[in-house]
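Undergrad: protein-v7.cif (mmCIF, C-alpha atoms) pasted underneath:
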```cif
data_target
loop_
_atom_site.label_atom_id
_atom_site.label_comp_id
_atom_site.auth_asym_id
_atom_site.auth_seq_id
_atom_site.Cartn_x
_atom_site.Cartn_y
_atom_site.Cartn_z
CA MET A 807 8.87 -5.34 -6.08
CA ILE A 808 9.06 -2.02 -4.30
CA GLN A 809 12.23 -0.14 -3.50
CA GLY A 810 13.16 2.99 -1.66
CA ASP A 811 11.29 3.01 1.64
CA GLY A 812 13.39 5.92 2.82
CA THR A 813 14.56 4.10 5.93
CA GLY A 814 17.27 1.90 4.52
CA GLN A 815 16.23 -1.68 4.21
CA PHE A 816 12.96 -2.99 2.91
CA ASP A 817 12.34 -6.72 2.82
CA THR A 818 11.67 -6.93 -0.87
CA ASP A 819 11.75 -10.71 -0.91
CA ASN A 820 9.16 -10.96 1.84
CA PHE A 821 6.97 -8.40 0.09
CA ARG A 822 6.88 -10.58 -3.02
CA PHE A 823 4.95 -13.09 -0.91
CA LEU A 824 2.78 -10.89 1.29
CA CYS A 825 1.55 -8.49 -1.38
CA LYS A 826 -1.75 -10.25 -2.01
CA ALA A 827 -3.35 -7.91 -4.54
CA ALA A 828 -2.19 -5.35 -7.05
CA ALA A 829 -3.09 -4.29 -10.57
CA LEU A 830 -1.64 -4.19 -13.99
CA PRO A 831 -2.00 -0.47 -14.57
CA ALA A 832 -4.59 1.30 -16.63
CA SER A 833 -3.53 3.76 -19.29
CA THR A 834 -5.55 6.85 -20.09
CA VAL A 835 -5.17 9.53 -22.71
CA ALA A 836 -7.94 12.09 -22.41
CA PRO A 837 -9.65 13.10 -25.64
CA ILE A 838 -10.03 16.72 -26.67
CA ASP A 839 -13.31 17.50 -28.36
CA VAL A 840 -12.95 19.95 -31.23
CA PRO A 841 -16.36 21.10 -32.53
CA PHE A 842 -16.65 21.46 -36.28
CA ARG A 843 -19.96 22.42 -37.90
CA GLY A 844 -22.15 20.29 -35.66
CA ARG A 845 -19.74 17.41 -35.39
CA ILE A 846 -17.02 16.65 -32.87
CA LEU A 847 -13.49 15.89 -33.94
CA LYS A 848 -11.70 14.03 -31.17
CA VAL A 849 -7.96 14.45 -30.91
CA ALA A 850 -5.56 13.12 -28.34
CA GLY A 851 -5.03 15.08 -25.16
CA ASP A 852 -2.72 14.46 -22.25
CA ARG A 853 -1.94 11.17 -20.57
CA THR A 854 -2.86 10.75 -16.93
CA PHE A 855 -2.01 8.01 -14.47
CA GLU A 856 -4.21 6.67 -11.73
CA VAL A 857 -2.98 5.82 -8.28
CA TRP A 858 -1.63 2.31 -7.91
CA THR A 859 -3.04 0.32 -5.02
CA VAL A 860 -1.59 -2.80 -3.46
CA THR A 861 -3.04 -4.96 -0.70
CA VAL A 862 -0.65 -6.40 1.85
CA ILE A 863 -1.08 -9.20 4.38
CA ASN A 864 -0.14 -7.99 7.85
CA ASP A 865 2.19 -10.38 9.63
CA GLU A 866 2.80 -10.39 13.36
CA ASN A 867 5.95 -8.31 12.97
CA PHE A 868 3.99 -5.64 11.12
CA SER A 869 6.97 -5.80 8.77
CA HIS A 870 5.54 -3.98 5.82
CA ARG A 871 3.05 -1.74 7.58
CA ARG A 872 5.86 -0.33 9.69
CA ALA A 873 8.04 0.09 6.61
CA PHE A 874 5.35 1.99 4.72
CA GLU A 875 4.55 4.08 7.79
CA ALA A 876 8.24 4.94 8.08
CA TRP A 877 8.32 5.87 4.40
CA MET A 878 5.35 8.20 4.89
CA GLN A 879 6.87 9.53 8.10
CA ASN A 880 9.88 10.58 6.05
CA VAL A 881 7.56 12.28 3.57
CA ALA A 882 5.48 14.09 6.18
CA GLN A 883 6.03 13.86 9.91
CA TYR A 884 3.15 13.02 12.23
CA GLY A 885 3.51 15.95 14.57
CA ASP A 886 4.39 18.73 12.17
CA SER A 887 4.51 19.39 8.48
CA SER A 888 8.23 18.84 8.04
CA GLY A 889 9.57 16.10 5.81
CA LEU A 890 11.92 15.34 3.00
CA THR A 891 11.92 18.19 0.51
CA ASN A 892 13.82 16.70 -2.40
CA PRO A 893 11.37 14.53 -4.36
CA SER A 894 14.16 12.15 -5.34
CA ASP A 895 14.71 11.41 -1.65
CA TYR A 896 11.22 10.01 -1.09
CA MET A 897 10.28 8.55 -4.45
CA GLY A 898 11.00 4.95 -5.28
CA ASN A 899 10.18 2.54 -8.07
CA ALA A 900 8.12 -0.60 -8.35
CA SER A 901 7.50 -3.35 -10.85
CA VAL A 902 4.61 -5.74 -11.31
CA TYR A 903 4.93 -9.02 -13.16
CA GLN A 904 2.31 -11.14 -14.84
CA LEU A 905 3.45 -14.70 -14.38
CA GLY A 906 2.61 -17.64 -16.56
CA ARG A 907 1.94 -21.14 -15.44
CA THR A 908 5.08 -23.21 -15.04
CA ALA A 909 5.26 -25.77 -17.79
CA ALA A 910 4.70 -29.38 -16.80
CA SER A 911 7.37 -31.92 -17.60
CA THR A 912 6.92 -34.27 -20.51
CA GLN A 913 6.52 -37.14 -18.07
CA GLY A 914 3.43 -35.54 -16.63
CA GLU A 915 5.08 -34.58 -13.36
CA SER A 916 4.47 -31.07 -12.19
CA THR A 917 7.54 -28.88 -11.90
CA THR A 918 7.19 -26.97 -8.66
CA SER A 919 10.75 -25.79 -8.32
CA GLY A 920 11.36 -24.44 -11.79
CA PRO A 921 11.20 -20.77 -12.61
CA ALA A 922 7.94 -19.14 -13.65
CA ASN A 923 7.62 -17.41 -16.96
CA ILE A 924 7.17 -13.65 -16.99
CA LEU A 925 4.48 -12.85 -19.52
CA ALA A 926 4.44 -9.09 -19.01
CA GLN A 927 6.15 -6.58 -16.81
CA TYR A 928 5.46 -2.93 -15.96
CA LYS A 929 7.64 -0.48 -14.09
CA PHE A 930 6.21 2.34 -11.99
CA GLN A 931 8.53 5.31 -11.93
CA ASP A 932 8.98 7.66 -8.97
CA ILE A 933 6.25 6.48 -6.68
CA PHE A 934 5.48 7.33 -3.09
CA PRO A 935 2.70 6.23 -0.75
CA THR A 936 -0.04 8.71 0.05
CA THR A 937 -2.48 6.45 1.87
CA ILE A 938 -2.00 3.50 4.15
CA SER A 939 -5.44 2.18 4.96
CA ASP A 940 -6.71 1.52 8.43
CA ILE A 941 -7.05 -2.03 9.70
CA PRO A 942 -10.49 -2.64 11.21
CA LEU A 943 -10.39 -4.42 14.54
CA SER A 944 -13.40 -6.19 15.98
CA TYR A 945 -14.31 -9.06 18.25
CA ASP A 946 -16.83 -10.00 15.54
CA THR A 947 -14.15 -10.72 12.97
CA GLY A 948 -13.09 -14.33 13.06
CA ASP A 949 -11.10 -16.59 10.79
CA THR A 950 -9.41 -13.63 9.18
CA ILE A 951 -5.89 -12.35 8.82
CA GLU A 952 -5.32 -8.62 8.87
CA GLU A 953 -4.56 -6.85 5.63
CA PHE A 954 -4.27 -3.28 4.50
CA THR A 955 -3.95 -1.32 1.31
CA VAL A 956 -1.33 1.19 0.24
CA GLU A 957 -2.06 3.80 -2.41
CA PHE A 958 0.90 5.03 -4.42
CA GLN A 959 1.07 8.16 -6.49
CA ILE A 960 2.98 7.39 -9.66
CA GLN A 961 4.59 9.81 -12.06
CA TYR A 962 4.25 7.34 -14.91
CA PHE A 963 4.64 3.70 -15.77
CA TYR A 964 5.88 1.88 -18.81
CA PRO A 965 5.98 -1.71 -20.03
CA GLU A 966 9.38 -3.30 -19.62
CA SER A 967 10.99 -6.14 -21.45
CA PRO A 968 10.05 -9.27 -19.46
CA GLY A 969 12.84 -10.28 -17.15
CA SER A 970 14.59 -6.93 -16.86
CA GLY A 971 15.25 -6.22 -13.22
CA ALA A 972 13.29 -9.26 -12.02
CA MET B 509 11.07 -16.33 -22.32
CA ALA B 510 12.08 -14.36 -19.23
CA GLN B 511 11.63 -16.19 -15.98
CA ILE B 512 11.38 -15.53 -12.28
CA PRO B 513 11.89 -18.04 -9.44
CA THR B 514 8.74 -19.92 -8.57
CA ARG B 515 7.44 -19.25 -5.06
CA ASN B 516 5.66 -22.15 -3.47
CA ILE B 517 3.32 -22.37 -0.50
CA SER B 518 6.04 -23.67 1.80
CA GLN B 519 8.03 -20.51 1.18
CA PHE B 520 4.87 -18.46 1.73
CA LYS B 521 4.39 -20.21 5.07
CA SER B 522 7.89 -19.19 6.15
CA LYS B 523 7.23 -15.58 5.19
CA LEU B 524 3.91 -15.25 7.01
CA ILE B 525 5.38 -14.49 10.40
CA GLY B 526 3.17 -15.56 13.30
CA GLY B 527 0.56 -16.82 10.88
CA GLY B 528 -0.57 -13.25 10.25
CA ALA B 529 -1.95 -10.68 12.70
CA ARG B 530 -5.57 -11.30 13.76
CA PRO B 531 -8.12 -8.47 13.74
CA ASN B 532 -9.97 -9.71 16.83
CA LEU B 533 -6.91 -9.58 19.09
CA PHE B 534 -6.69 -5.99 20.24
CA GLU B 535 -7.13 -3.73 23.23
CA VAL B 536 -7.92 -0.04 23.48
CA ASN B 537 -6.74 2.29 26.21
CA VAL B 538 -8.33 5.74 26.54
CA THR B 539 -6.84 8.39 28.79
CA PHE B 540 -9.60 10.74 29.89
CA PRO B 541 -8.75 14.38 30.49
CA THR B 542 -8.48 15.12 34.19
CA GLY B 543 -10.66 18.20 33.81
CA VAL B 544 -13.71 16.10 32.92
CA ASN B 545 -15.98 15.35 35.90
CA LEU B 546 -17.77 12.06 35.27
CA GLY B 547 -19.98 12.36 38.36
CA ILE B 548 -21.72 9.04 38.98
CA GLN B 549 -20.44 7.69 35.69
CA GLY B 550 -17.39 5.59 35.37
CA ASP B 551 -16.38 3.41 38.25
CA GLY B 552 -18.27 5.39 40.90
CA THR B 553 -15.22 7.33 41.96
CA GLY B 554 -15.58 9.97 39.32
CA GLN B 555 -12.83 8.30 37.37
CA PHE B 556 -13.18 6.68 34.00
CA ASP B 557 -12.85 2.92 34.36
CA THR B 558 -9.99 2.42 31.99
CA ASP B 559 -9.54 -1.23 32.88
CA ASN B 560 -13.19 -2.04 32.18
CA PHE B 561 -13.02 -0.18 28.89
CA ARG B 562 -10.17 -2.40 27.76
CA PHE B 563 -12.64 -5.30 27.82
CA LEU B 564 -15.80 -3.66 26.50
CA CYS B 565 -14.40 -1.76 23.54
CA LYS B 566 -15.34 -4.31 20.90
CA ALA B 567 -14.24 -2.59 17.69
CA ALA B 568 -11.60 -0.08 16.71
CA ALA B 569 -9.05 0.36 13.98
CA LEU B 570 -5.37 0.70 13.49
CA PRO B 571 -5.35 4.20 12.01
CA ALA B 572 -4.95 5.07 8.38
CA SER B 573 -2.20 7.38 7.28
CA THR B 574 -2.70 9.90 4.50
CA VAL B 575 -0.47 12.40 2.76
CA ALA B 576 -2.28 14.27 0.04
CA PRO B 577 -0.52 14.60 -3.31
CA ILE B 578 0.06 17.97 -4.94
CA ASP B 579 -0.32 17.97 -8.71
CA VAL B 580 2.25 20.19 -10.41
CA PRO B 581 1.46 20.55 -14.11
CA PHE B 582 4.41 20.49 -16.48
CA ARG B 583 3.98 20.53 -20.24
CA GLY B 584 1.00 18.24 -20.40
CA ARG B 585 2.14 15.95 -17.62
CA ILE B 586 1.54 16.06 -13.89
CA LEU B 587 4.39 15.85 -11.41
CA LYS B 588 3.04 14.57 -8.13
CA VAL B 589 4.83 15.75 -5.01
CA ALA B 590 3.98 15.18 -1.40
CA GLY B 591 1.55 17.54 0.31
CA ASP B 592 0.35 17.71 3.87
CA ARG B 593 -0.60 14.87 6.17
CA THR B 594 -4.19 14.55 7.28
CA PHE B 595 -5.72 12.34 9.93
CA ASP B 596 -9.09 10.63 9.74
CA SER B 597 -11.43 10.55 12.70
CA GLY B 598 -11.03 7.39 14.71
#
```
Just dump the structure as structure tokens.

TA:
Amino acid sequence: MIQGDGTGQFDTDNFRFLCKAAALPASTVAPIDVPFRGRILKVAGDRTFEVWTVTVINDENFSHRRAFEAWMQNVAQYGDSSGLTNPSDYMGNASVYQLGRTAASTQGESTTSGPANILAQYKFQDIFPTTISDIPLSYDTGDTIEEFTVEFQIQYFYPESPGSGA
Amino acid sequence: MAQIPTRNISQFKSKLIGGGARPNLFEVNVTFPTGVNLGIQGDGTGQFDTDNFRFLCKAAALPASTVAPIDVPFRGRILKVAGDRTFDSG
């Protein structure tokens, strides 16, 4: 769930369906090597966060590609280097949920309309897109639907209590 | 346990507008600079055959969009703010 496209409305509900790939984030704390008489003592350094990449199916309205392009257009215009200057104006938030399998009923019938369990949930704080990938076009490409990736810079993420903000 | 509404494939079908855009349905239009003399090239008139090119250009790309991040260190953390936009070659 991504918010804050900088243009007003973003079809969050639609994005829940058309975001076809994402990642539960990695977490890295760099070690600091402290030499001591021929041995290395490793102590904890600073935490860093990798970019977060999502893959989106491109529908015929270009719904999300246009939204992300508009978001980036607000960050940095195409024709000049102007753009929003206050980071809070162009940074949004996102969450990713790990879903569990919906429990089957005791009668053995599958429950397709019941809610899905949230096993884990992470929130990405103050994100903004820095790369929207190209979409290759070719007569050679058949039986394929267009998709593209969006790379987000994130300030940090943290695990949330499952269900908060879902 | 926390829960979220289940999304089923019928709902997915309703969200996939137009069945998804297809990568083999495209057309490219190139506007040649008027100062370029093509001689016997092109359509024989010295003009670039734009209409023919629309058919014979067999691969292209919808362009990527990139804004580089600027890392601003602050007390062991990195604040990432937006930098300048760059454009890849087509």

Undergrad: Near B:Phe563, counting all atoms listed in the file, which residues have an atom at most 10 Å away, once you skip same-chain residues fewer than 5 positions from it, shown as a ChimeraX atom specification?

TA: /B:534-537,558

Undergrad: Select, from A:Asn923, A:Ser869, A:Val849, A:Gly969, the residue with the minimum atom-to-atom distance to A:Asp819, counting only C-alpha atoms.

TA: A:Ser869

Undergrad: Between B:Phe582, B:Asn532, B:Thr542, B:Asp596, which one has atoms that come closest to B:Cys565, using only C-alpha atoms?

TA: B:Asn532

Undergrad: For chain B, list the residues within 8 Å of chain A, counting all atoms listed in the file, and write the list as a PyMOL selection string.

TA: chain B and resi 509-516+520+523-534+566-577+584-593

Undergrad: Can you spell out as a list of chain:residue names the set of residues that the PyMOL selection byres ((chain A and resi 838) around 10) selects in the structure I just provided?

TA: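 Expected selection for the PyMOL selection byres ((chain A and resi 838) around 10) here is A:Val835, A:Ala836, A:Pro837, A:Asp839, A:Val840, A:Pro841, A:Ile846, A:Leu847, A:Lys848, A:Val849, A:Ala850, A:Gly851, A:Asp852.
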
Undergrad: Up to 10 Å from (1.6, -8.6, -9.0) in the file's coordinates: name the residues, counting all atoms listed in the file, as a PyMOL selection string.

TA: chain A and resi 807+822-823+825-830+860+901-905+927-928

Undergrad: What gap, in Å, lies between atom CA of A:Pro831 and atom CA of A:Trp858?

TA: 7.2 Å

Undergrad: Enter the distance from atom CA of B:Phe540 to atom CA of B:Leu564, in Å, rounded to one decimal.

TA: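 Answer for the atom CA of B:Phe540 to atom CA of B:Leu564 separation: 16.0 Å.
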
Undergrad: With all atoms of stretch 521-536 of chain B from the file as input, state the centre and edge lengths in Å to one decimal of the axis-aligned box that has 5 Å extra on each side, as lines of an AutoDock Vina configuration file.

TA:
```
center_x = -1.0
center_y = -10.1
center_z = 14.3
size_x = 27.9
size_y = 30.2
size_z = 28.4
```

Undergrad: Which distance in Å separates atom CA of A:Thr859 and atom CA of A:Gly898, to one decimal?

TA: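 For atom CA of A:Thr859 relative to atom CA of A:Gly898, the distance reads 14.8 Å.
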
Undergrad: Keeping N, CA, C and O atoms (and nothing else), can you write stretch 563-589 of chain B of this structure as a PDB file, in the first residue's frame?

TA:
```
ATOM      1  N   PHE B 563       6.151   1.388 -39.544  1.00  0.00           N
ATOM      2  CA  PHE B 563       5.953  -0.053 -39.701  1.00  0.00           C
ATOM      3  C   PHE B 563       7.221  -0.842 -39.386  1.00  0.00           C
ATOM      4  O   PHE B 563       7.158  -1.923 -38.797  1.00  0.00           O
ATOM      5  N   LEU B 564       8.366  -0.329 -39.798  1.00  0.00           N
ATOM      6  CA  LEU B 564       9.586  -1.136 -39.743  1.00  0.00           C
ATOM      7  C   LEU B 564      10.373  -1.006 -38.446  1.00  0.00           C
ATOM      8  O   LEU B 564      11.314  -1.769 -38.231  1.00  0.00           O
ATOM      9  N   CYS B 565      10.039  -0.074 -37.622  1.00  0.00           N
ATOM     10  CA  CYS B 565      10.676  -0.011 -36.301  1.00  0.00           C
ATOM     11  C   CYS B 565      10.078  -1.126 -35.467  1.00  0.00           C
ATOM     12  O   CYS B 565       8.912  -1.060 -35.071  1.00  0.00           O
ATOM     13  N   LYS B 566      10.881  -2.165 -35.211  1.00  0.00           N
ATOM     14  CA  LYS B 566      10.320  -3.376 -34.606  1.00  0.00           C
ATOM     15  C   LYS B 566      10.536  -3.470 -33.095  1.00  0.00           C
ATOM     16  O   LYS B 566       9.989  -4.359 -32.445  1.00  0.00           O
ATOM     17  N   ALA B 567      11.356  -2.601 -32.525  1.00  0.00           N
ATOM     18  CA  ALA B 567      11.557  -2.644 -31.075  1.00  0.00           C
ATOM     19  C   ALA B 567      11.906  -1.257 -30.569  1.00  0.00           C
ATOM     20  O   ALA B 567      12.623  -0.494 -31.238  1.00  0.00           O
ATOM     21  N   ALA B 568      11.402  -0.931 -29.431  1.00  0.00           N
ATOM     22  CA  ALA B 568      11.673   0.363 -28.805  1.00  0.00           C
ATOM     23  C   ALA B 568      11.432   0.180 -27.313  1.00  0.00           C
ATOM     24  O   ALA B 568      11.444  -0.957 -26.819  1.00  0.00           O
ATOM     25  N   ALA B 569      11.228   1.263 -26.626  1.00  0.00           N
ATOM     26  CA  ALA B 569      10.926   1.156 -25.199  1.00  0.00           C
ATOM     27  C   ALA B 569      10.195   2.399 -24.752  1.00  0.00           C
ATOM     28  O   ALA B 569      10.473   3.504 -25.250  1.00  0.00           O
ATOM     29  N   LEU B 570       9.257   2.203 -23.845  1.00  0.00           N
ATOM     30  CA  LEU B 570       8.733   3.343 -23.122  1.00  0.00           C
ATOM     31  C   LEU B 570       9.835   3.747 -22.150  1.00  0.00           C
ATOM     32  O   LEU B 570      10.369   2.905 -21.436  1.00  0.00           O
ATOM     33  N   PRO B 571      10.217   5.012 -22.121  1.00  0.00           N
ATOM     34  CA  PRO B 571      11.468   5.385 -21.448  1.00  0.00           C
ATOM     35  C   PRO B 571      11.414   5.250 -19.931  1.00  0.00           C
ATOM     36  O   PRO B 571      10.362   5.391 -19.310  1.00  0.00           O
ATOM     37  N   ALA B 572      12.588   4.957 -19.398  1.00  0.00           N
ATOM     38  CA  ALA B 572      12.736   4.943 -17.940  1.00  0.00           C
ATOM     39  C   ALA B 572      12.819   6.367 -17.429  1.00  0.00           C
ATOM     40  O   ALA B 572      13.048   7.309 -18.184  1.00  0.00           O
ATOM     41  N   SER B 573      12.626   6.509 -16.157  1.00  0.00           N
ATOM     42  CA  SER B 573      12.671   7.825 -15.527  1.00  0.00           C
ATOM     43  C   SER B 573      13.496   7.702 -14.256  1.00  0.00           C
ATOM     44  O   SER B 573      13.228   6.838 -13.423  1.00  0.00           O
ATOM     45  N   THR B 574      14.517   8.526 -14.136  1.00  0.00           N
ATOM     46  CA  THR B 574      15.440   8.376 -13.012  1.00  0.00           C
ATOM     47  C   THR B 574      15.735   9.714 -12.341  1.00  0.00           C
ATOM     48  O   THR B 574      16.079  10.682 -13.013  1.00  0.00           O
ATOM     49  N   VAL B 575      15.591   9.739 -11.045  1.00  0.00           N
ATOM     50  CA  VAL B 575      16.039  10.864 -10.234  1.00  0.00           C
ATOM     51  C   VAL B 575      17.028  10.300  -9.223  1.00  0.00           C
ATOM     52  O   VAL B 575      16.671   9.444  -8.413  1.00  0.00           O
ATOM     53  N   ALA B 576      18.254  10.759  -9.302  1.00  0.00           N
ATOM     54  CA  ALA B 576      19.276  10.210  -8.408  1.00  0.00           C
ATOM     55  C   ALA B 576      19.044  10.679  -6.975  1.00  0.00           C
ATOM     56  O   ALA B 576      18.646  11.828  -6.762  1.00  0.00           O
ATOM     57  N   PRO B 577      19.263   9.803  -6.002  1.00  0.00           N
ATOM     58  CA  PRO B 577      19.154  10.251  -4.613  1.00  0.00           C
ATOM     59  C   PRO B 577      20.435  10.928  -4.152  1.00  0.00           C
ATOM     60  O   PRO B 577      21.521  10.646  -4.664  1.00  0.00           O
ATOM     61  N   ILE B 578      20.301  11.841  -3.213  1.00  0.00           N
ATOM     62  CA  ILE B 578      21.453  12.463  -2.570  1.00  0.00           C
ATOM     63  C   ILE B 578      21.477  11.975  -1.130  1.00  0.00           C
ATOM     64  O   ILE B 578      20.489  12.127  -0.403  1.00  0.00           O
ATOM     65  N   ASP B 579      22.579  11.374  -0.738  1.00  0.00           N
ATOM     66  CA  ASP B 579      22.715  10.886   0.633  1.00  0.00           C
ATOM     67  C   ASP B 579      23.231  12.003   1.527  1.00  0.00           C
ATOM     68  O   ASP B 579      24.307  12.552   1.291  1.00  0.00           O
ATOM     69  N   VAL B 580      22.477  12.334   2.556  1.00  0.00           N
ATOM     70  CA  VAL B 580      22.879  13.371   3.502  1.00  0.00           C
ATOM     71  C   VAL B 580      23.116  12.701   4.851  1.00  0.00           C
ATOM     72  O   VAL B 580      22.168  12.322   5.533  1.00  0.00           O
ATOM     73  N   PRO B 581      24.374  12.529   5.227  1.00  0.00           N
ATOM     74  CA  PRO B 581      24.640  11.844   6.502  1.00  0.00           C
ATOM     75  C   PRO B 581      24.182  12.669   7.696  1.00  0.00           C
ATOM     76  O   PRO B 581      24.320  13.896   7.719  1.00  0.00           O
ATOM     77  N   PHE B 582      23.609  11.972   8.663  1.00  0.00           N
ATOM     78  CA  PHE B 582      23.186  12.637   9.902  1.00  0.00           C
ATOM     79  C   PHE B 582      23.327  11.657  11.053  1.00  0.00           C
ATOM     80  O   PHE B 582      22.570  10.703  11.154  1.00  0.00           O
ATOM     81  N   ARG B 583      24.310  11.825  11.842  1.00  0.00           N
ATOM     82  CA  ARG B 583      24.504  11.060  13.075  1.00  0.00           C
ATOM     83  C   ARG B 583      24.360   9.552  12.876  1.00  0.00           C
ATOM     84  O   ARG B 583      23.616   8.873  13.567  1.00  0.00           O
ATOM     85  N   GLY B 584      25.057   9.055  11.903  1.00  0.00           N
ATOM     86  CA  GLY B 584      25.067   7.609  11.694  1.00  0.00           C
ATOM     87  C   GLY B 584      23.946   7.095  10.836  1.00  0.00           C
ATOM     88  O   GLY B 584      23.858   5.894  10.585  1.00  0.00           O
ATOM     89  N   ARG B 585      23.062   7.974  10.410  1.00  0.00           N
ATOM     90  CA  ARG B 585      22.009   7.584   9.480  1.00  0.00           C
ATOM     91  C   ARG B 585      22.146   8.422   8.223  1.00  0.00           C
ATOM     92  O   ARG B 585      22.852   9.431   8.211  1.00  0.00           O
ATOM     93  N   ILE B 586      21.456   7.987   7.176  1.00  0.00           N
ATOM     94  CA  ILE B 586      21.512   8.677   5.891  1.00  0.00           C
ATOM     95  C   ILE B 586      20.111   9.193   5.552  1.00  0.00           C
ATOM     96  O   ILE B 586      19.173   8.398   5.436  1.00  0.00           O
ATOM     97  N   LEU B 587      19.984  10.490   5.436  1.00  0.00           N
ATOM     98  CA  LEU B 587      18.743  11.059   4.905  1.00  0.00           C
ATOM     99  C   LEU B 587      18.881  11.116   3.393  1.00  0.00           C
ATOM    100  O   LEU B 587      19.846  11.682   2.870  1.00  0.00           O
ATOM    101  N   LYS B 588      17.918  10.522   2.715  1.00  0.00           N
ATOM    102  CA  LYS B 588      17.949  10.524   1.250  1.00  0.00           C
ATOM    103  C   LYS B 588      16.990  11.578   0.741  1.00  0.00           C
ATOM    104  O   LYS B 588      15.804  11.537   1.051  1.00  0.00           O
ATOM    105  N   VAL B 589      17.524  12.521  -0.005  1.00  0.00           N
ATOM    106  CA  VAL B 589      16.684  13.549  -0.635  1.00  0.00           C
ATOM    107  C   VAL B 589      16.867  13.454  -2.152  1.00  0.00           C
ATOM    108  O   VAL B 589      17.818  12.858  -2.656  1.00  0.00           O
TER     109      VAL B 589
END
```
